[in-house]
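**Student:** Quick one: this structure, given as structure tokens, is what I'll be asking you about.
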Amino acid sequence: MSDADAVLHDALDTVVQRNPGQVLYRQAVHEVLESLAPVVRQHPEYVEGGILKRIIEPERVVSFRVPWVDDNGVVQVQRGFRVQFSSDLGPYKGGLRFHKSVTEDTLKFLGFEQVFKNALTGLGLGGGKGGSDFDPHGKSNGEVMRFCQSFMAELAHHIGADLDVPAGDIGVGGREIGYLYGQYRKITGRNEAGVITGKGVGYGGSWARTEATGYGLVYFVREMLRDCPGLTLEGSRVVVSGSGNVALYAAKKASQLGATVVACSDSQGYVLDEDGLDLDLLSEIKDVRRERLSAYADERGNCTYFPGKNVWEVECDIALPCATQNELDGNDARTLAENGCRLIAEGANMPCTEEAIEVIHEKGILFGPAKAANAGGVATSGLEMRQNAGRLQWDFERVDSELDRIMTNIHATAAATADEYGVPGDLIAGANIAAFRRVADAMLAQGVI
């Protein structure tokens with residue numbers, strides 16, 4: 001075993017020993033570390049500076065209780081978290097997730113990924129993540145508001161425009177961001193718009209922020225397809241998992257660029273619409289009425305809803321997993337390959353299992369990793385912070401143009417780095433190495449802090 005391999009092996013062992021049972025965090029760290037041997041061999045200063053030991057340990061993990069009162073007057077108590085992983089490139093930046101599956105493990109994995117994703121954008125953003133095991137689904141507006149106010153009563157002590165800037169994630173949309181920001185203002189007495197992103201455009205938010213992750217994903221796919229002769233977005237058949245914000249706007253942008261998006265899913269099943277999804281109806285059902293996807297099939301007609309089935313059984317040219325982590329496994333990847341899929345790009349965070357990625361490479365399917373492909377959301381959050389700092393509001397076209405430029409640059413950087421380190425076409429390695437080098441160089445320059 002080489003010295004570089006030994007250092008990487010020791011770092012992974014440290015993560016396993018210090019984080020028992022945290023399988024998602026360990027998976028995320030393993031995925032990055034296994035790419036880094038070439039860069040560690042070429043840069044012994046990273047070993048001498050203890051970069052690998054430092055980069056796998058969050059700077060701070062905050063855990064707190066969140067009591068709130070439901071509509072029946074009963075006191076409920078949830079757990080809240082904020083993982084402040086790295087501030088080497090700027091203030092901690094990353095979303096808040098409200099879902100029953102949220103644990104410290106979930107948020108450490110997401111925070112670790114966020115460090116590298118944010119580095120790839122080229123913006124001055126550190127990495128973090130937060131959330132709670134509170135599930136807004138099925139709750140009244142009053143219940144969601146009271147929970148958000150209680151959550152922010154504690155979180156406010158740990159955030160600020162130049163310290164830590166949360167945003168939305170699963171379960172945290174415009175409604176929740178509004179309640180959270182309103183409570184922050186009441187607690188602090190300050191109109192500090194830059195403290196949170198994803199705000200409404202009427203009170204400091206940015207145009208195109210809602211669309212950004214989905215649009216950015218498709219811009220990244222467009223760049224990937226330049227290396228895929230015979231396949232373009234125009235005329236391609238696309239399948240998207242999920243039916244939330246990322247999935248909806250990925251489908252919308254793909255459709256605008258000439259693709260036919262034939263299927264999407266929720267936790268209960270998937271809908272297949274051979275004529276292409278009616279995205280206005282889908283948005284009405286999911287965003288406005290907050291109903292299950294089965295309602296789409298009931299109203300649309302001439303399409304089929306498959307309860308309890310897996311959307312990856314649908315034939316497609318391009319697959320975009322946009323729902324949640326580890327949703328696409330090895331068997332799913334084999335099914336996609338057998339059905340002619342030629343490109344998979346991750347819209348969610350780590351939606352493909354390690355086995356799935358092995359199959360994807362084995363079958364020669366182009367693969368866009370999440371930390372590169374779904375960076376559009378945080379990139380536009382960074383643009384929102386820039387607008388807030390200048391008391392400005394750019395129009396939709398300018399923000400969308402900046403997003404397109406950032407996603408194009410991310411792809412170019414990942415592809416060029418993969419070439420530089422002898423793994424051409426491997427965007428996982430390219431993204432991991434490029435992001436790691438940016439963070440590692442900043443850590444070295446600032447000393448051991």
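Identifiers in the structure tokens: chain A, B, ... in order shown; residue index from 1 per chain; ligand index from 1 in order shown.
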Using only C-alpha atoms, determine which residues lie at most 9 Å from Arg175 of chain A, disregarding the query and same-chain residues fewer than 4 positions distant; provide the list as a PyMOL selection string.
**Tutor:** chain A and resi 141+144-145+179-180+200
**Student:** Out of segment 138-371 of chain A, which residues get helix (DSSP H, G or I) from DSSP, as number ranges by chain?
**Tutor:** A: 141-158, 174-188, 193-195, 201-203, 212-227, 245-256, 279-288, 294-300, 311-313, 330-338, 354-362, 370-371
**Student:** Which is closer to Ala167 of chain A than all the others in A:Ala11, A:Cys264, A:Val195, A:Val39, using only C-alpha atoms?
**Tutor:**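 Between A:Ala11, A:Cys264, A:Val195, A:Val39, the residue approaching Ala167 of chain A most closely is A:Val195.
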**Student:** If we count only C-alpha atoms and set the cut-off at 12 Å, which residues sit around Val29 of chain A, ignoring sequence neighbours fewer than 6 positions away in its own chain? Please answer as a VMD selection string.
**Tutor:** chain A and resid 8 to 9 11 to 16 19 22 to 23 35 to 36 52 to 53 55 to 58 105 108 to 116 350 354 432 436
**Student:** Identify all residues of segment 233-384 of chain A in strand (DSSP E or B) (DSSP on the backbone) and supply them as a CSV table (one decimal) with C-alpha atoms, in the first residue's frame.
**Tutor:**
```csv
chain,number,residue,atom,x,y,z
A,237,ARG,CA,-37.0,10.3,-23.6
A,238,VAL,CA,-36.5,11.4,-20.0
A,239,VAL,CA,-37.6,9.8,-16.7
A,240,VAL,CA,-37.5,11.8,-13.4
A,241,SER,CA,-37.9,10.4,-9.9
A,260,THR,CA,-40.2,14.4,-23.7
A,261,VAL,CA,-40.4,13.7,-19.9
A,262,VAL,CA,-42.7,10.7,-19.7
A,263,ALA,CA,-42.6,9.7,-16.0
A,264,CYS,CA,-42.2,11.0,-12.4
A,265,SER,CA,-42.8,9.4,-9.0
A,266,ASP,CA,-43.7,10.0,-5.4
A,269,GLY,CA,-45.7,4.9,-7.0
A,270,TYR,CA,-45.1,6.6,-10.4
A,271,VAL,CA,-47.1,8.0,-13.3
A,272,LEU,CA,-46.4,7.2,-17.0
A,304,THR,CA,-51.3,5.4,-16.1
A,305,TYR,CA,-50.5,5.5,-12.4
A,306,PHE,CA,-48.5,2.5,-11.0
A,307,PRO,CA,-48.9,2.2,-7.3
A,318,ILE,CA,-31.9,9.9,-19.7
A,319,ALA,CA,-32.7,9.2,-16.1
A,320,LEU,CA,-32.7,12.0,-13.5
A,321,PRO,CA,-33.0,10.7,-9.9
A,328,LEU,CA,-31.5,4.0,-7.2
A,343,LEU,CA,-27.1,9.0,-19.2
A,344,ILE,CA,-27.9,9.3,-15.5
A,345,ALA,CA,-27.4,12.6,-13.6
A,352,CYS,CA,-27.4,6.3,-6.4
A,366,LEU,CA,-22.6,8.6,-18.6
A,367,PHE,CA,-22.9,9.7,-15.0
A,368,GLY,CA,-23.3,13.1,-13.5
```
**Student:** Do a neighbour search on His43 of chain A at 12 Å with only C-alpha atoms, toss out local chain neighbours closer than 2 positions, and write the hits as an MDAnalysis selection string.
**Tutor:** chainID A and resid 3:4 36:41 45:52 433 436:437 440:441 444
**Student:** Write out as CSV a residue-level contact list of segment 290-388 of chain A versus segment 396-415 of chain A with cut-off 7 Å: for each qualifying residue the closest pair of atoms and the distance in Å to one decimal, counting only C-alpha atoms, rows sorted by chain and residue number upward.
**Tutor:**
```
residue,atom,partner,partner_atom,distance
A:Ala372,CA,A:Ile410,CA,6.4
A:Gly376,CA,A:Leu403,CA,6.5
A:Ala379,CA,A:Leu403,CA,6.9
A:Thr380,CA,A:Leu403,CA,6.5
```
**Student:** Limited to N, CA, C and O atoms, could you put the picked residues into a file as a PDB file, in the first residue's frame?
**Tutor:**
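What landed in result.pdb:
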```pdb
ATOM      1  N   ALA A 372     -21.805  17.876  -8.344  1.00  0.00           N
ATOM      2  CA  ALA A 372     -21.634  18.741  -9.509  1.00  0.00           C
ATOM      3  C   ALA A 372     -22.978  19.037 -10.164  1.00  0.00           C
ATOM      4  O   ALA A 372     -23.319  20.193 -10.426  1.00  0.00           O
ATOM      5  N   GLY A 376     -26.866  23.716  -8.738  1.00  0.00           N
ATOM      6  CA  GLY A 376     -27.548  24.935  -9.177  1.00  0.00           C
ATOM      7  C   GLY A 376     -28.310  25.641  -8.084  1.00  0.00           C
ATOM      8  O   GLY A 376     -28.396  26.880  -8.072  1.00  0.00           O
ATOM      9  N   ALA A 379     -25.780  27.450  -5.903  1.00  0.00           N
ATOM     10  CA  ALA A 379     -25.180  28.520  -6.714  1.00  0.00           C
ATOM     11  C   ALA A 379     -26.099  29.739  -6.751  1.00  0.00           C
ATOM     12  O   ALA A 379     -25.648  30.882  -6.572  1.00  0.00           O
ATOM     13  N   THR A 380     -27.380  29.503  -6.951  1.00  0.00           N
ATOM     14  CA  THR A 380     -28.319  30.621  -7.005  1.00  0.00           C
ATOM     15  C   THR A 380     -28.567  31.208  -5.624  1.00  0.00           C
ATOM     16  O   THR A 380     -28.827  32.406  -5.487  1.00  0.00           O
TER      17      THR A 380
END
```
**Student:** By how many Å are atom CA of Ile170 of chain A and atom CA of Leu120 of chain A apart?
**Tutor:**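 Distance reported for this atom pair: 22.0 Å.
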**Student:** For a quick check of understanding, using only C-alpha atoms, which of A:Gly126, A:Asn72, A:Ala259, A:Val359 has the smallest distance to Ala435 of chain A?
**Tutor:**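 Of all the options, A:Gly126 lies closest to Ala435 of chain A.
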**Student:** Would you list the contacts of Ser381 of chain A as a list of chain:residue names, taking every protein, DNA or RNA residue within 7 Å and counting only C-alpha atoms, but skipping same-chain residues closer than 4 positions in sequence?
**Tutor:**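 Contacts, with the query itself left out: A:Thr197, A:Gly198, A:Arg209, A:Gly377, A:Met385.
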**Student:** For the selection you just gave me, I'd like the residues written to a file as a CSV table (one decimal), in the first residue's frame, keeping N, CA, C and O atoms.
**Tutor:**
```
chain,number,residue,atom,x,y,z
A,197,THR,N,-31.6,32.1,2.5
A,197,THR,CA,-31.9,32.2,1.1
A,197,THR,C,-33.1,31.3,0.8
A,197,THR,O,-33.5,30.4,1.6
A,198,GLY,N,-33.7,31.6,-0.4
A,198,GLY,CA,-34.9,30.9,-0.8
A,198,GLY,C,-36.1,31.7,-0.4
A,198,GLY,O,-37.2,31.2,-0.4
A,209,ARG,N,-34.6,31.3,-8.1
A,209,ARG,CA,-34.1,30.4,-7.0
A,209,ARG,C,-35.0,29.1,-6.9
A,209,ARG,O,-34.5,28.0,-6.7
A,377,GLY,N,-28.9,24.9,-7.1
A,377,GLY,CA,-29.6,25.5,-6.1
A,377,GLY,C,-28.7,26.4,-5.2
A,377,GLY,O,-29.0,27.5,-4.9
A,385,MET,N,-27.4,35.8,-2.1
A,385,MET,CA,-26.6,36.5,-1.0
A,385,MET,C,-25.9,37.7,-1.6
A,385,MET,O,-25.9,38.8,-1.0
```
**Student:** Do a neighbour search on Cys341 of chain A at 6 Å with only C-alpha atoms, toss out local chain neighbours closer than 5 positions, and write the hits as JSON, numbers by chain.
**Tutor:** {"A": [316, 317, 318, 336]}
**Student:** Under the rule that only C-alpha atoms are counted, which of A:Ser150, A:Asn339, A:Ser63, A:Ser206 is the nearest residue to Glu315 of chain A?
**Tutor:** A:Asn339
**Student:** Counting only C-alpha atoms, figure out which residue out of A:Glu31, A:Glu355, A:Glu143, A:Asp164 gets nearest to Lys93 of chain A.
**Tutor:**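 Closest to Lys93 of chain A, using only C-alpha atoms: A:Asp164.
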**Student:** Using only C-alpha atoms, determine which residues lie at most 7 Å from segment 225-234 of chain A, disregarding the query and same-chain residues fewer than 3 positions distant; provide the list as a list in words.
**Tutor:**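 Everything that qualifies: Val221, Arg222, Ala254, Leu257, Gly258 and Ala259 of chain A.
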**Student:** To one decimal place in Å, what is the distance between atom CA of Cys322 of chain A and atom CA of Gly124 of chain A?
**Tutor:**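 Separation between atom CA of Cys322 of chain A and atom CA of Gly124 of chain A: 26.0 Å.
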